[in-house]
Amino acid sequence: MIDALFKLSGKVAIVTGAAGQLGGEYVRTLLGAGASVAAFDLRPGNPKGRLNEIDSDQLLIAEVNIVDRGSVERGLEKVLSRFGNPGILLNNAAIDAPPNASEQETGPFETYPEESWGIMMDVNLKGTFLCCQVIGGHMAKHGGGSIINISSVYGILSPDQRIYEYKDKPFIKPVTYAVSKGGVLNLTRYLATYWAKNGVRVNTLTLGGVFNNQDATFLKNYSNKVPLGRMARQDEYNGAILFLSSDASSYMTGANLIVDGGFSCW
Ligand SMILES: NC(=O)c1ccc[n+]([C@@H]2O[C@H](COP(=O)([O-])OP(=O)(O)OC[C@H]3O[C@@H](n4cnc5c(N)ncnc54)[C@H](O)[C@@H]3O)[C@@H](O)[C@H]2O)c1
């Protein structure tokens with residue numbers, strides 16, 4: 001029974017941002033469940049995902065820029081010729097303001113650079129839209145499947161700026177990440193209704209913060225807001241990915257699955 005619910009043998013999955021911290025986890029999880037996996041990333045050699053350590057003839061690694069429709073189309077062509085029609089699309093690629101972002105980018109909302117807004121909206125929202133259009137469009141014509149769009153607690157709630165007040169330089173968590181991740185939620189709902197008749201399920205997976213060697217004060221401030229009292233380990237979303245990718249979630253579409261240690265309850 002467990003196999004019937006969760007097994008992905010014979011399925012083809014595409015993971016974007018596959019060479020990142022969480023992308024590498026998802027690639028391993030999907031391969032482990034029996035899927036053939038295409039790992040798309042702008043920087044496939046990003047060491048965070050450790051894709052180079054995976055030894056599997058069911059893994060295809062491709063350099064794909066999700067903001068460039070031609071690049072996504074070429075990536076899909078590679079998948080079709082190697083594995084056949086994809087049945088799982090995991091829209092995981094995104095950018096956030098890095099800890100070393102410019103002062104303007106992490107400064108007051110009033111002077112947040114328009115250019116930074118454009119760059120982040122392009123990757124996080126337009127990139128997800130393009131992958132849905134090109135790859136999801138193909139799935140809708142060829143047997144359906146499951147699309148998982150990744151959001152964040154900052155896509156359903158405002159960042160609590162007090163978490164960052166301890167920093168030497170003023171740090172304001174930028175607006176664009178929150179707005180783009182909020183947009184992902186309604187792209188999901190739109191497509192869930194639009195493609196329901198084609199057998200394409202579309203769901204959002206909303207994540208809480210992941211431990212990544214952040215400084216002790218940040219860890220304390222963030223963890224104080226989490227009923228479970230800590231950030232997530234990077235492997236703690238794999239179960240949700242498997243659930244949403246497989247027949248275990250066959251009656252679920254347009255939903256938002258929140259895995260955040262309880263962050264959004266308070
Ligand atoms: N890590 C967290 O704490 C956290 C919390 C909530 C939500 N999330 C979400 O989870 C997802 C993965 O996060 P992560 O921490 O693994 O990020 P990450 O930065 O480690 O990985 C993101 C990957 O996306 C790739 N990428 C960036 N722009 C791209 C483009 N234009 N085309 C193709 N690939 C591109 C990068 O090269 C990178 O390998 C993101 O959607 C993120 O918003 C993460």
# chains A, B, ... in the order shown; residues from 1 in each chain; ligands from 1
>>> residues_near_ligand(ligand="ligand 1", cutoff="7 Å", atoms="only C-alpha atoms and all ligand atoms", output="PyMOL selection string")
chain A and resi 16-23+40-44+46+48+64-67+92-96+123+127+150-153+206-211
>>> residues_around(residues="Met252 in chain A", least_positions_apart="2", cutoff="9 Å", atoms="only C-alpha atoms", output="ChimeraX atom specification")
/A:201-203,244,249-250,254-255
>>> atom_distance(atom1="CA of Met120 in chain A", atom2="CA of Gly183 in chain A")
12.2 Å
>>> closest_residue(among="A:Ala39, A:Ile156, A:Ile148, A:Val12", to="Glu25 in chain A", atoms="only C-alpha atoms")
A:Ala39
>>> residues_around(residues="Thr217 in chain A", least_positions_apart="3", cutoff="8 Å", atoms="only C-alpha atoms", output="list of chain:residue names")
A:Tyr166, A:Lys220, A:Asn221
>>> write_last_selection(atoms="all heavy atoms", output="PDB file, in the first residue's frame")
ATOM      1  N   TYR A 166      19.033  43.368  15.617  1.00  0.00           N
ATOM      2  CA  TYR A 166      20.291  43.276  16.370  1.00  0.00           C
ATOM      3  C   TYR A 166      21.513  43.543  15.494  1.00  0.00           C
ATOM      4  O   TYR A 166      22.612  43.732  15.989  1.00  0.00           O
ATOM      5  CB  TYR A 166      20.428  41.866  16.967  1.00  0.00           C
ATOM      6  CG  TYR A 166      20.677  40.806  15.907  1.00  0.00           C
ATOM      7  CD1 TYR A 166      21.969  40.382  15.609  1.00  0.00           C
ATOM      8  CD2 TYR A 166      19.621  40.267  15.174  1.00  0.00           C
ATOM      9  CE1 TYR A 166      22.206  39.436  14.632  1.00  0.00           C
ATOM     10  CE2 TYR A 166      19.848  39.322  14.200  1.00  0.00           C
ATOM     11  CZ  TYR A 166      21.130  38.904  13.921  1.00  0.00           C
ATOM     12  OH  TYR A 166      21.363  37.991  12.943  1.00  0.00           O
ATOM     13  N   LYS A 220      18.430  32.450  17.560  1.00  0.00           N
ATOM     14  CA  LYS A 220      17.614  32.620  18.769  1.00  0.00           C
ATOM     15  C   LYS A 220      16.343  33.412  18.441  1.00  0.00           C
ATOM     16  O   LYS A 220      15.233  32.997  18.793  1.00  0.00           O
ATOM     17  CB  LYS A 220      18.438  33.340  19.840  1.00  0.00           C
ATOM     18  CG  LYS A 220      17.767  33.458  21.175  1.00  0.00           C
ATOM     19  CD  LYS A 220      18.776  33.896  22.240  1.00  0.00           C
ATOM     20  CE  LYS A 220      18.265  35.003  23.091  1.00  0.00           C
ATOM     21  NZ  LYS A 220      18.303  36.350  22.675  1.00  0.00           N
ATOM     22  N   ASN A 221      16.515  34.527  17.728  1.00  0.00           N
ATOM     23  CA  ASN A 221      15.361  35.382  17.416  1.00  0.00           C
ATOM     24  C   ASN A 221      14.339  34.640  16.554  1.00  0.00           C
ATOM     25  O   ASN A 221      13.130  34.724  16.775  1.00  0.00           O
ATOM     26  CB  ASN A 221      15.812  36.652  16.683  1.00  0.00           C
ATOM     27  CG  ASN A 221      16.597  37.578  17.581  1.00  0.00           C
ATOM     28  OD1 ASN A 221      16.732  37.311  18.778  1.00  0.00           O
ATOM     29  ND2 ASN A 221      17.126  38.651  17.022  1.00  0.00           N
TER      30      ASN A 221
END
>>> residues_around(residues="Val175 in chain A", least_positions_apart="6", cutoff="10 Å", atoms="only C-alpha atoms", output="short mmCIF file (atom, residue, chain, number, x, y, z; two decimals) with all heavy atoms, in the first residue's frame")
data_model
loop_
_atom_site.label_atom_id
_atom_site.label_comp_id
_atom_site.auth_asym_id
_atom_site.auth_seq_id
_atom_site.Cartn_x
_atom_site.Cartn_y
_atom_site.Cartn_z
N ALA A 97 17.46 38.22 -1.02
CA ALA A 97 18.59 39.11 -0.78
C ALA A 97 19.61 38.36 0.06
O ALA A 97 19.28 37.90 1.15
CB ALA A 97 18.12 40.36 -0.06
N GLU A 105 19.61 47.61 -0.82
CA GLU A 105 18.70 46.47 -0.98
C GLU A 105 18.11 46.01 0.35
O GLU A 105 17.02 45.46 0.40
CB GLU A 105 19.46 45.31 -1.64
CG GLU A 105 18.64 44.62 -2.71
CD GLU A 105 19.44 43.53 -3.40
OE1 GLU A 105 20.62 43.74 -3.71
OE2 GLU A 105 18.87 42.46 -3.60
N THR A 106 18.88 46.19 1.41
CA THR A 106 18.38 45.78 2.73
C THR A 106 18.10 47.01 3.61
O THR A 106 18.08 46.92 4.83
CB THR A 106 19.41 44.87 3.44
OG1 THR A 106 20.65 45.54 3.47
CG2 THR A 106 19.54 43.55 2.73
N PRO A 108 15.71 50.87 3.96
CA PRO A 108 14.29 51.19 4.10
C PRO A 108 13.49 50.94 2.81
O PRO A 108 14.02 51.09 1.70
CB PRO A 108 14.28 52.68 4.42
CG PRO A 108 15.66 52.99 4.88
CD PRO A 108 16.57 52.00 4.24
N PHE A 109 12.24 50.57 2.98
CA PHE A 109 11.33 50.33 1.86
C PHE A 109 11.31 51.54 0.91
O PHE A 109 11.29 51.37 -0.31
CB PHE A 109 9.91 50.08 2.40
CG PHE A 109 8.86 50.06 1.34
CD1 PHE A 109 8.66 48.94 0.55
CD2 PHE A 109 8.05 51.18 1.13
CE1 PHE A 109 7.69 48.92 -0.44
CE2 PHE A 109 7.08 51.17 0.14
CZ PHE A 109 6.90 50.04 -0.64
N TYR A 112 14.12 51.32 -1.54
CA TYR A 112 14.44 49.99 -2.11
C TYR A 112 14.57 50.13 -3.63
O TYR A 112 13.68 50.69 -4.28
CB TYR A 112 13.33 49.00 -1.74
CG TYR A 112 13.59 47.61 -2.27
CD1 TYR A 112 14.52 46.77 -1.67
CD2 TYR A 112 12.91 47.15 -3.39
CE1 TYR A 112 14.76 45.49 -2.17
CE2 TYR A 112 13.15 45.87 -3.90
CZ TYR A 112 14.08 45.06 -3.28
OH TYR A 112 14.32 43.81 -3.78
N TRP A 117 13.85 45.10 -7.39
CA TRP A 117 12.47 44.61 -7.51
C TRP A 117 12.33 43.80 -8.81
O TRP A 117 11.82 42.67 -8.80
CB TRP A 117 11.51 45.81 -7.52
CG TRP A 117 10.08 45.48 -7.84
CD1 TRP A 117 9.54 45.35 -9.10
CD2 TRP A 117 9.01 45.20 -6.92
NE1 TRP A 117 8.21 45.01 -9.01
CE2 TRP A 117 7.86 44.92 -7.69
CE3 TRP A 117 8.93 45.17 -5.54
CZ2 TRP A 117 6.63 44.61 -7.11
CZ3 TRP A 117 7.70 44.86 -4.96
CH2 TRP A 117 6.57 44.59 -5.74
N TYR A 154 7.24 33.85 4.45
CA TYR A 154 7.22 35.28 4.11
C TYR A 154 6.35 35.57 2.89
O TYR A 154 6.19 36.73 2.50
CB TYR A 154 8.64 35.81 3.90
CG TYR A 154 9.45 35.90 5.19
CD1 TYR A 154 10.82 36.09 5.16
CD2 TYR A 154 8.83 35.80 6.43
CE1 TYR A 154 11.56 36.18 6.33
CE2 TYR A 154 9.56 35.88 7.61
CZ TYR A 154 10.92 36.08 7.56
OH TYR A 154 11.64 36.17 8.72
N SER A 158 3.90 38.84 6.72
CA SER A 158 4.99 39.81 6.58
C SER A 158 6.20 39.33 7.38
O SER A 158 6.03 38.75 8.46
CB SER A 158 4.54 41.16 7.12
OG SER A 158 5.67 42.03 7.16
N PRO A 159 7.40 39.57 6.86
CA PRO A 159 8.57 39.31 7.72
C PRO A 159 8.47 40.14 8.99
O PRO A 159 7.99 41.28 8.95
CB PRO A 159 9.75 39.81 6.87
CG PRO A 159 9.25 39.92 5.48
CD PRO A 159 7.77 40.13 5.55
#
>>> select_by_dssp(residues="range 92-231 of chain A", states="strand (DSSP E or B)", output="VMD selection string")
chain A and resid 145 to 152 200 to 207 210
>>> closest_residue(among="A:Ala216, A:Ala35, A:Ile2, A:Val15", to="Lys167 in chain A", atoms="only C-alpha atoms")
A:Ala216
>>> residues_around(residues="Gly84 in chain A", least_positions_apart="5", cutoff="10 Å", atoms="only C-alpha atoms", output="number ranges by chain")
A: 10-12, 36, 76-79
>>> residues_around(residues="Arg28 in chain A", least_positions_apart="4", cutoff="8 Å", atoms="only C-alpha atoms", output="PyMOL selection string")
chain A and resi 24+32+54
>>> decode(residues="range 111-122 of chain A", atoms="C-alpha atoms", output="JSON list (two decimals), in the first residue's frame")
[["chain", "number", "residue", "atom", "x", "y", "z"],
["A", 111, "THR", "CA", 14.54, 53.67, -1.10],
["A", 112, "TYR", "CA", 14.44, 49.99, -2.11],
["A", 113, "PRO", "CA", 15.92, 49.91, -5.64],
["A", 114, "GLU", "CA", 13.50, 49.46, -8.51],
["A", 115, "GLU", "CA", 16.13, 47.38, -10.29],
["A", 116, "SER", "CA", 16.27, 44.88, -7.42],
["A", 117, "TRP", "CA", 12.47, 44.61, -7.51],
["A", 118, "GLY", "CA", 12.67, 43.72, -11.22],
["A", 119, "ILE", "CA", 15.41, 41.11, -10.82],
["A", 120, "MET", "CA", 13.72, 39.25, -7.95],
["A", 121, "MET", "CA", 10.23, 39.39, -9.44],
["A", 122, "ASP", "CA", 11.68, 38.04, -12.68]]
